[in-house]
Amino acid sequence: MPTIKLYDNDPYETSFIAKVLSCKATGDGKAELVLDRTLFFPEEGGQTPDRGTIVPEADEGISFDVVDVQIRDDVITHTIVPTRSRGVTDIPAHFSKGSGVSGQIDFFRRFSNMQNHTGEHIFSGLVHSRFGYVNVGFHLSDETVSMDYSGKLTEDDIASVELAANRAIFEAHPVFCRYPSKSELSHMEYRSKKEIDGDVRIVTIEGIDDCACCAPHVRNTSEIGLLKVVGRENYKGGTRLYILCGMRALLDYRQKHDVISQLSDITSSPAQDIAKSVFGLIEERDSLRQELFHIKMDRVVSLAEEAARDGERFLFIEETNDNIVRTGVNTLTASFDSGVSGIFFGNDTDGYRFIIGSSGNTDARETAKLLKEKLDARGGGKSEMVQGSVTASKDIILKTLS
Ligand SMILES: [Zn+2]
């Protein structure tokens, strides 16, 4: 028997009473409950299902959360779990066939879905009438509302449809849903995502759009409040857009406003100048990095020159850039006629990375081999230069190399 869809005619109702048709446990602490009628909108047409609670008439004080709602062959199934599992072991025992229940939907969530869904219809209706593109995909969940269009929309196209959609919201167009007769339908022009067997429900936004749709909608476009496009990507040769309507748009604005306020404080600049200010900070950072690089380079080169003057072949310094170390090693090797010399960079606790070069005909790979054999070092390279890492103290490394 098809479930009576109470949300069809009265999307603003928040509670209802119904009779149990069946209830069976699913073995995971949940049960599937079928009622003769329901206000719970199931997962359908790209929209996630309603949430709420169901209370068996006979057992006052026991309540069940509706965690999923599915529809198949016009029969709506509620997946329920005890609101507090304490004491409830056999869910179907609370829902005998023919007994009464009362249900309550989470209307805050439902209304948000209604605002976003009607907003989507306005936007898609405008895209269709202006560009002829078809809405080939729609997804409405707690986090995102996405719509896929069969053609490419530019940033300008999107901005202009967004403006027109918000104008339609402010103009307060009535919205109504109905099932026209077959003959009436055959003369109507309406958008539809797929061929529909059986009765076709048409959602009309007066003066804007007619579309086949099974979901609850607001009764007037003014209730959407605001529609904002928040994302755009290319999708299967067309365009995927993300929008936010109503309270979701406000919450998003609030969050972004907070971020902008923080950035404004941090950069000491008004909102409209933040990007310029951040760009300036990045430029300053890059030039300081360059300056620091040269200072470090000069320091390592002069340490290498000093070591070479003292006849020291191995230098131990703190972690730094590979290019700087390589330049230091080149300074060392140029100071000797033969043998190896190099730089170990790091510390005794964490170990060192090293670059060792050769002067004259010496093969630096021999030194890498020695470090590998004696100190379990890693690395390798060419006869002129080897590099690697070793976990040992400065004293032990120097003893090994002496
Ligand atoms: Zn729809």
# chains A, B, ... in the order shown; residues from 1 in each chain; ligands from 1
>>> residues_near_ligand(ligand="ligand 1", cutoff="12 Å", atoms="only C-alpha atoms and all ligand atoms", output="ChimeraX atom specification")
/A:44-47,113-125,135-140,145,147,177,190-194,201-205,209-218
>>> residues_around(residues="range 377-381 of chain A", least_positions_apart="5", cutoff="8 Å", atoms="only C-alpha atoms", output="PyMOL selection string")
chain A and resi 365+368+371-372+386-391
>>> residues_around(residues="range 287-297 of chain A", least_positions_apart="5", cutoff="9 Å", atoms="only C-alpha atoms", output="ChimeraX atom specification")
/A:282,302,320-321,323-325,327-328
>>> write_last_selection(atoms="N, CA and C atoms", output="mmCIF file, in the first residue's frame")
data_model
loop_
_atom_site.group_PDB
_atom_site.id
_atom_site.type_symbol
_atom_site.label_atom_id
_atom_site.label_comp_id
_atom_site.auth_asym_id
_atom_site.auth_seq_id
_atom_site.Cartn_x
_atom_site.Cartn_y
_atom_site.Cartn_z
ATOM 1 N N ILE A 282 53.532 39.088 1.525
ATOM 2 C CA ILE A 282 54.196 37.971 0.837
ATOM 3 C C ILE A 282 55.457 38.462 0.128
ATOM 4 N N SER A 302 82.435 31.800 4.705
ATOM 5 C CA SER A 302 83.562 32.301 5.512
ATOM 6 C C SER A 302 83.997 31.289 6.568
ATOM 7 N N THR A 320 70.857 23.621 7.528
ATOM 8 C CA THR A 320 70.635 24.740 6.611
ATOM 9 C C THR A 320 70.376 24.227 5.212
ATOM 10 N N ASN A 321 70.249 25.128 4.292
ATOM 11 C CA ASN A 321 69.906 24.828 2.908
ATOM 12 C C ASN A 321 71.001 24.043 2.169
ATOM 13 N N ASN A 323 71.896 23.987 -0.961
ATOM 14 C CA ASN A 323 72.664 24.795 -1.908
ATOM 15 C C ASN A 323 73.761 25.580 -1.197
ATOM 16 N N ILE A 324 73.416 26.059 0.015
ATOM 17 C CA ILE A 324 74.414 26.807 0.790
ATOM 18 C C ILE A 324 75.551 25.873 1.184
ATOM 19 N N VAL A 325 75.179 24.649 1.652
ATOM 20 C CA VAL A 325 76.189 23.687 2.087
ATOM 21 C C VAL A 325 77.092 23.317 0.904
ATOM 22 N N THR A 327 77.858 25.051 -1.696
ATOM 23 C CA THR A 327 78.783 26.158 -1.977
ATOM 24 C C THR A 327 79.938 26.157 -0.966
ATOM 25 N N GLY A 328 79.597 25.890 0.314
ATOM 26 C CA GLY A 328 80.625 25.806 1.353
ATOM 27 C C GLY A 328 81.607 24.678 1.062
#
>>> residues_around(residues="Asp199 in chain A", least_positions_apart="5", cutoff="12 Å", atoms="only C-alpha atoms", output="number ranges by chain")
A: 74, 178-183, 185, 212-214
>>> write_last_selection(atoms="N, CA and C atoms", output="compact mmCIF listing (two decimals), in the first residue's frame")
# COMPACT_ATOMS: atom_id res chain seq x y z
N ASP A 74 6.66 3.58 -3.80
CA ASP A 74 5.72 4.46 -3.09
C ASP A 74 5.50 4.09 -1.62
N ARG A 178 1.26 20.85 -7.12
CA ARG A 178 0.01 20.15 -7.41
C ARG A 178 0.25 19.03 -8.40
N TYR A 179 -0.75 18.15 -8.51
CA TYR A 179 -0.69 17.04 -9.47
C TYR A 179 -1.68 17.34 -10.60
N PRO A 180 -1.27 17.93 -11.71
CA PRO A 180 -2.21 18.23 -12.79
C PRO A 180 -2.69 16.93 -13.46
N SER A 181 -3.88 17.02 -14.09
CA SER A 181 -4.40 15.84 -14.78
C SER A 181 -3.52 15.56 -16.00
N LYS A 182 -3.66 14.33 -16.52
CA LYS A 182 -2.83 13.91 -17.66
C LYS A 182 -2.99 14.88 -18.84
N SER A 183 -4.28 15.27 -19.12
CA SER A 183 -4.50 16.13 -20.29
C SER A 183 -3.95 17.53 -20.05
N LEU A 185 -1.47 18.23 -18.16
CA LEU A 185 -0.01 18.07 -18.19
C LEU A 185 0.52 18.07 -19.62
N ALA A 212 8.90 19.49 -12.49
CA ALA A 212 8.43 18.26 -11.83
C ALA A 212 9.33 17.98 -10.65
N CYS A 213 8.75 17.81 -9.46
CA CYS A 213 9.56 17.63 -8.25
C CYS A 213 8.72 17.01 -7.14
N CYS A 214 9.36 16.15 -6.33
CA CYS A 214 8.63 15.45 -5.27
C CYS A 214 8.84 16.07 -3.89
>>> atom_distance(atom1="CA of Thr83 in chain A", atom2="CA of Tyr7 in chain A")
23.3 Å
>>> residues_around(residues="Ser160 in chain A", least_positions_apart="4", cutoff="12 Å", atoms="only C-alpha atoms", output="PyMOL selection string")
chain A and resi 123+126-127+130-131+153-156+164-167+228-229
>>> write_last_selection(atoms="N, CA and C atoms", output="short mmCIF file (atom, residue, chain, number, x, y, z; two decimals), in the first residue's frame")
data_model
loop_
_atom_site.label_atom_id
_atom_site.label_comp_id
_atom_site.auth_asym_id
_atom_site.auth_seq_id
_atom_site.Cartn_x
_atom_site.Cartn_y
_atom_site.Cartn_z
N PHE A 123 16.93 29.25 -9.48
CA PHE A 123 18.20 29.40 -10.22
C PHE A 123 18.18 28.56 -11.50
N LEU A 126 15.88 29.92 -14.17
CA LEU A 126 16.46 31.08 -14.87
C LEU A 126 17.56 30.64 -15.83
N VAL A 127 18.40 29.67 -15.40
CA VAL A 127 19.46 29.16 -16.28
C VAL A 127 18.82 28.54 -17.52
N ARG A 130 17.21 31.37 -19.76
CA ARG A 130 18.19 32.29 -20.38
C ARG A 130 19.17 31.60 -21.30
N PHE A 131 19.62 30.37 -20.91
CA PHE A 131 20.68 29.72 -21.67
C PHE A 131 20.23 28.42 -22.34
N LEU A 153 28.79 27.91 -17.94
CA LEU A 153 28.36 29.22 -17.44
C LEU A 153 29.60 30.00 -17.01
N THR A 154 29.74 31.23 -17.51
CA THR A 154 30.89 32.05 -17.12
C THR A 154 30.60 32.71 -15.78
N GLU A 155 31.64 33.32 -15.20
CA GLU A 155 31.47 34.05 -13.93
C GLU A 155 30.41 35.14 -14.10
N ASP A 156 30.43 35.81 -15.24
CA ASP A 156 29.46 36.88 -15.49
C ASP A 156 28.04 36.33 -15.60
N ALA A 164 19.36 37.96 -10.61
CA ALA A 164 17.96 37.77 -11.00
C ALA A 164 17.24 36.84 -10.01
N ALA A 165 17.94 35.82 -9.52
CA ALA A 165 17.34 34.88 -8.57
C ALA A 165 16.99 35.61 -7.27
N ASN A 166 17.88 36.48 -6.81
CA ASN A 166 17.61 37.22 -5.58
C ASN A 166 16.49 38.24 -5.78
N ARG A 167 16.42 38.79 -7.00
CA ARG A 167 15.31 39.70 -7.31
C ARG A 167 14.00 38.92 -7.20
N LYS A 228 23.06 32.65 -2.49
CA LYS A 228 24.43 33.02 -2.85
C LYS A 228 25.13 31.83 -3.49
N VAL A 229 25.74 32.09 -4.65
CA VAL A 229 26.57 31.05 -5.29
C VAL A 229 27.92 31.07 -4.58
#
>>> closest_residue(among="A:Ile396, A:Ile54, A:Leu332, A:Ile243", to="Ser15 in chain A", atoms="only C-alpha atoms")
A:Ile54
>>> atom_distance(atom1="CA of Ser359 in chain A", atom2="CA of Glu312 in chain A")
14.0 Å
>>> select_by_dssp(residues="range 151-389 of chain A", states="helix (DSSP H, G or I)", output="ChimeraX atom specification")
/A:155-170,182-186,221-224,246-267,271-309,322-335,364-375
>>> residues_around(residues="Pro42 in chain A", least_positions_apart="5", cutoff="8 Å", atoms="only C-alpha atoms", output="list in words")
Thr48, Pro49, Asp50, Asp68, Val69, Gln70, Ile71 and Ile76 of chain A
>>> select_by_dssp(residues="range 126-215 of chain A", states="strand (DSSP E or B)", output="ChimeraX atom specification")
/A:135-140,145-149,174-178,191,202-205,209-212
>>> residues_around(residues="Gly87 in chain A", least_positions_apart="4", cutoff="12 Å", atoms="only C-alpha atoms", output="compact mmCIF listing (two decimals) with N, CA and C atoms, in the first residue's frame")
# COMPACT_ATOMS: atom_id res chain seq x y z
N GLY A 61 6.79 7.96 27.07
CA GLY A 61 8.14 8.10 27.63
C GLY A 61 9.20 7.41 26.80
N ILE A 62 8.78 6.56 25.86
CA ILE A 62 9.78 5.92 24.99
C ILE A 62 9.74 6.62 23.63
N SER A 63 10.91 7.02 23.19
CA SER A 63 10.97 7.74 21.93
C SER A 63 12.04 7.14 21.02
N PRO A 82 16.27 3.64 19.28
CA PRO A 82 15.77 4.25 20.52
C PRO A 82 16.54 5.55 20.81
N THR A 83 15.82 6.61 21.20
CA THR A 83 16.46 7.89 21.50
C THR A 83 17.48 7.69 22.63
N ILE A 91 12.72 -3.56 19.52
CA ILE A 91 12.01 -2.38 18.99
C ILE A 91 10.63 -2.75 18.43
N HIS A 94 7.35 -2.57 20.41
CA HIS A 94 6.70 -1.29 20.70
C HIS A 94 5.83 -0.81 19.55
>>> atom_distance(atom1="CA of Gln255 in chain A", atom2="CA of Asn220 in chain A")
27.2 Å
>>> closest_residue(among="A:Ser146, A:Thr89, A:Ser264, A:Ser341", to="Glu233 in chain A", atoms="only C-alpha atoms")
A:Ser146
